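Undergrad: Sharing a structure, written as structure tokens. Questions coming.
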Amino acid sequence: MSKQGQVKKAVLAYSGGLDTSIILKWLIEEYGCEVVAFSADLGQGEELDHIPEKAKQTGASACHILDLKEEFARDFVFPMFRANAIYEGRYFLGTSIARPLISKAQMEIAAKEGADAVSHGATGKGNDQVRFEISYYHFDPSVKVIAPWREWDLNSRSALEAYAKKHGIPVPTSKKFPWSSDRNLLHISFEGDVLENPWTEAPKEMYVLTVAPEDAPDQPEYVEIEFEKGDAVAINGERLSPAQLMLKLNELGGKHGIGRVDLMENRYVGMKSRGVYETPGGTILEEAHRAVESITMDREVMHLRDSLIPRYADMVYNGYWFAPERIALQALIDQTQQTVNGKARIKLYKGHCRVVGRDSATDSLFNVDFATFEADEVYNQADAEGFIKLNALRLRIAAMQRLAQK
């Protein structure tokens, strides 16, 4: 069935790589539509070089690049870190949290351009197709979504290269690093190629943001991170914007080999996949945030919030950032963060970061008069006897029943 005339103008989430370059041309050929390229600058650096000229050479009628680094850190990464959200206990959700912002900006471009369709380069096997499209429909339930990987028959790299050659799309003659990667201010991820064997160690040359821990400095480095209402605001006394703070923490963590994770994760679509991640700044940030929480958060509030972390992380991983349940949960989490004001002292050394000090001038719940092992005048230790007996009452009654039956 011909797709000609089904779409007038499409906005494509465009990276400039082989896949999205081919998608750009394929949309023009298959749908006969005008294609606008869109790239979000989330901190991927040189990867955005020459994007506009590449897009226009391949047939795009326009190309938009938006600098979203501050919005990404402030409105997406920081709220997620207030929740201490880590998927399956290991993954800091670096790719997952970027997709709703990319989708939001892409839909804004579509509205500005008067486009009736949006398109992405996610495959039919992955999580990103879900994350992108759920977000698209949040902003416009009637938008047409084109997912070429679910439509075309270009199912191998050789088929993609043949298509590129036929249409004059430049393709590198060799690829030094054959695995796929995704980079932003929070992390860089790697999948595919040698990583598809879960027994094979990731090659040393794969890593981008971090030195190998064994090659990190032989002397530890200490860093102080200050928080206001759960958000990091300063490093070593210097106040920084959210994006600047992430860049600085990435630099510090990368220098000391911090934040490497190699894991098998459960994709939303049902399969297991292997990913290798570098999250140097995020690893330090989470450790410091936990440290300040430990001295400022009420015990029961903390335990309640912690019980919700897996659910929150699932929402982000599966693409439900704009869903009402995530927004409602964020309101609860943000309320728990009102007292998270203070600073943490973190020790960086050979791939490890750990808290060595924490303090809050305004909201500390630590009272040395009660906690001391030395003599005090505020705590009657004899009171603990009744506390223990009341809490053991159900166990004592059950024991009495067992003894009576014997």
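Residues in the structure tokens are named by chain (A, B, ... in the order shown) and by number from 1 within that chain; ligands are numbered from 1 in the order shown.
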Which parts of range 44-290 of chain A does DSSP call helix (DSSP H, G or I) when run on the backbone here, written out as a PyMOL selection string?
TA: chain A and resi 45-48+51-58+69-82+94-113+128-139+148-150+157-166+193-196+204-206+213-215+242-255+280-290
Undergrad: Quick one: residues within 9 Å of Glu228 in chain A, only C-alpha atoms, excluding same-chain residues fewer than 4 positions away - as a PyMOL selection string?
TA: chain A and resi 232-233+337-343
Undergrad: Write the selection just made, keeping N, CA and C atoms, as a PDB file, in the first residue's frame?
TA:
ATOM      1  N   ALA A 232      21.197  19.646  44.505  1.00  0.00           N
ATOM      2  CA  ALA A 232      22.575  20.122  44.657  1.00  0.00           C
ATOM      3  C   ALA A 232      22.682  21.522  44.069  1.00  0.00           C
ATOM      4  N   VAL A 233      23.347  22.414  44.804  1.00  0.00           N
ATOM      5  CA  VAL A 233      23.452  23.802  44.355  1.00  0.00           C
ATOM      6  C   VAL A 233      24.889  24.309  44.310  1.00  0.00           C
ATOM      7  N   GLN A 337      11.438  16.459  50.574  1.00  0.00           N
ATOM      8  CA  GLN A 337      12.731  17.091  50.364  1.00  0.00           C
ATOM      9  C   GLN A 337      12.840  18.498  50.960  1.00  0.00           C
ATOM     10  N   GLN A 338      11.787  18.989  51.567  1.00  0.00           N
ATOM     11  CA  GLN A 338      11.789  20.359  52.073  1.00  0.00           C
ATOM     12  C   GLN A 338      12.848  20.575  53.151  1.00  0.00           C
ATOM     13  N   THR A 339      13.189  19.533  53.893  1.00  0.00           N
ATOM     14  CA  THR A 339      14.193  19.664  54.955  1.00  0.00           C
ATOM     15  C   THR A 339      15.580  19.178  54.535  1.00  0.00           C
ATOM     16  N   VAL A 340      15.699  18.746  53.285  1.00  0.00           N
ATOM     17  CA  VAL A 340      16.991  18.202  52.845  1.00  0.00           C
ATOM     18  C   VAL A 340      17.898  19.365  52.439  1.00  0.00           C
ATOM     19  N   ASN A 341      18.398  20.025  53.462  1.00  0.00           N
ATOM     20  CA  ASN A 341      19.265  21.185  53.302  1.00  0.00           C
ATOM     21  C   ASN A 341      20.543  20.933  54.097  1.00  0.00           C
ATOM     22  N   GLY A 342      21.668  21.037  53.414  1.00  0.00           N
ATOM     23  CA  GLY A 342      22.931  20.786  54.097  1.00  0.00           C
ATOM     24  C   GLY A 342      24.013  20.432  53.104  1.00  0.00           C
ATOM     25  N   LYS A 343      25.069  19.822  53.601  1.00  0.00           N
ATOM     26  CA  LYS A 343      26.171  19.477  52.715  1.00  0.00           C
ATOM     27  C   LYS A 343      26.748  18.118  53.087  1.00  0.00           C
TER      28      LYS A 343
END
Undergrad: Using only C-alpha atoms, which residues sit within 6 Å of range 57-68 of chain A once same-chain residues fewer than 5 positions away are excluded, as a PyMOL selection string?
TA: chain A and resi 35-42+52
Undergrad: Please measure the separation of CA of Ser119 in chain A and CA of Leu12 in chain A, giving the value in Å to one decimal.
TA: 4.7 Å
Undergrad: Would you work out the distance separating CA of Tyr222 in chain A from CA of Ile346 in chain A, expressed in Å to one decimal?
TA: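 Spanning CA of Tyr222 in chain A to CA of Ile346 in chain A is a straight-line distance of 5.6 Å.
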Undergrad: May I ask which of the residues A:Gly282, A:Gly254, A:Pro217, A:Pro178 is the closest one to Met80 in chain A, counting only C-alpha atoms?
TA: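 Ranking A:Gly282, A:Gly254, A:Pro217, A:Pro178 by distance to Met80 in chain A, first place goes to A:Gly282.
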Undergrad: So which one's closest to Leu160 in chain A, A:Leu249, A:Leu332, A:Ala105, A:Ile22? Using only C-alpha atoms, please.
TA: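 Nearest candidate to Leu160 in chain A out of A:Leu249, A:Leu332, A:Ala105, A:Ile22: A:Ile22.
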Undergrad: Can you tell me, as a count of residues only, what residues are no more than 7 Å from Trp179 in chain A when counting only C-alpha atoms, ignoring any on the same chain fewer than 3 positions away?
TA: 4
Undergrad: Check the smallest atom-to-atom distance from each of A:Trp26, A:Leu285, A:Asn380, A:Ala122 to Asp153 in chain A using only C-alpha atoms, then report the winner.
TA: A:Trp26
Undergrad: Under the rule of at most 8 Å, produce a per-residue listing of range 190-235 of chain A near range 349-373 of chain A: chain, number, name, the closest pair of atoms, and the distance in Å, as a Markdown table, using only C-alpha atoms.
TA:
| residue | atom | partner | partner_atom | distance |
| --- | --- | --- | --- | --- |
| A:Ala212 | CA | A:Gly351 | CA | 7.7 |
| A:Pro213 | CA | A:Lys350 | CA | 4.6 |
| A:Glu214 | CA | A:Lys350 | CA | 6.3 |
| A:Asp215 | CA | A:Lys350 | CA | 7.8 |
| A:Ala216 | CA | A:Lys350 | CA | 5.5 |
| A:Pro217 | CA | A:Lys350 | CA | 7.0 |
| A:Asp218 | CA | A:Lys350 | CA | 7.5 |
| A:Gln219 | CA | A:Tyr349 | CA | 7.1 |
| A:Pro220 | CA | A:Tyr349 | CA | 4.7 |
| A:Glu221 | CA | A:Tyr349 | CA | 6.7 |
Undergrad: So that I can see what lies close to Asp19 in chain A, please list as a list in words the residues with an atom at most 10 Å from it, counting only C-alpha atoms and leaving out residues fewer than 2 positions away in the same chain.
TA: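 Once the nearby chain positions are removed, what remains is Tyr14, Ser15, Gly16, Gly17, Ser21, Ile22, Ile23, Leu24, His120, Gly121, Ala122, Pro148, Trp149, Arg157, Leu160, Glu161 and Ala164 of chain A.
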Undergrad: Nearest to Ile258 in chain A: which of A:Ala159, A:Ile284, A:Met246, A:Val145 is it, counting only C-alpha atoms?
TA: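 Result for the nearest residue to Ile258 in chain A: A:Ile284.
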Undergrad: I need the residue nearest Phe81 in chain A from this list: A:Ser307, A:Thr123, A:Gln330, A:Ser241. Use only C-alpha atoms for the distance.
TA: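 For Phe81 in chain A, the nearest of the candidates is A:Gln330.
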Undergrad: Rank nothing, just name the residue among A:Met315, A:Ala392, A:Ile169, A:Ala110 nearest to Asp140 in chain A, using only C-alpha atoms.
TA: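 Checking each of A:Met315, A:Ala392, A:Ile169, A:Ala110 against Asp140 in chain A, counting only C-alpha atoms, the winner is A:Ala110.
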Undergrad: As an exercise, work out the distance from CA of Glu29 in chain A to CA of Glu113 in chain A in Å and give it to one decimal place.
TA: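 So the two atoms, CA of Glu29 in chain A and CA of Glu113 in chain A, lie 20.3 Å apart.
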Undergrad: Would you pick out the contacts of Arg311 in chain A at 10 Å or less, using only C-alpha atoms, so that residues sharing its chain but fewer than 6 positions from it are not included, and give the list as number ranges by chain?
TA: A: 85, 87, 317, 325-326, 329
Undergrad: Can you write just those residues out, N, CA and C atoms, as a short mmCIF file (atom, residue, chain, number, x, y, z; two decimals), in the first residue's frame?
TA:
data_model
loop_
_atom_site.label_atom_id
_atom_site.label_comp_id
_atom_site.auth_asym_id
_atom_site.auth_seq_id
_atom_site.Cartn_x
_atom_site.Cartn_y
_atom_site.Cartn_z
N ALA A 85 16.02 7.66 42.33
CA ALA A 85 15.51 6.61 41.46
C ALA A 85 16.64 5.89 40.72
N TYR A 87 16.99 2.20 38.53
CA TYR A 87 16.25 1.06 37.99
C TYR A 87 16.97 -0.25 38.31
N TYR A 317 11.72 4.45 33.55
CA TYR A 317 12.30 3.49 32.61
C TYR A 317 11.31 3.13 31.50
N GLU A 325 0.31 9.43 37.50
CA GLU A 325 0.84 8.76 38.69
C GLU A 325 2.26 9.20 39.02
N ARG A 326 3.08 9.49 38.00
CA ARG A 326 4.43 9.98 38.26
C ARG A 326 4.38 11.40 38.81
N LEU A 329 3.26 11.22 42.42
CA LEU A 329 4.33 10.70 43.26
C LEU A 329 5.43 11.74 43.43
#
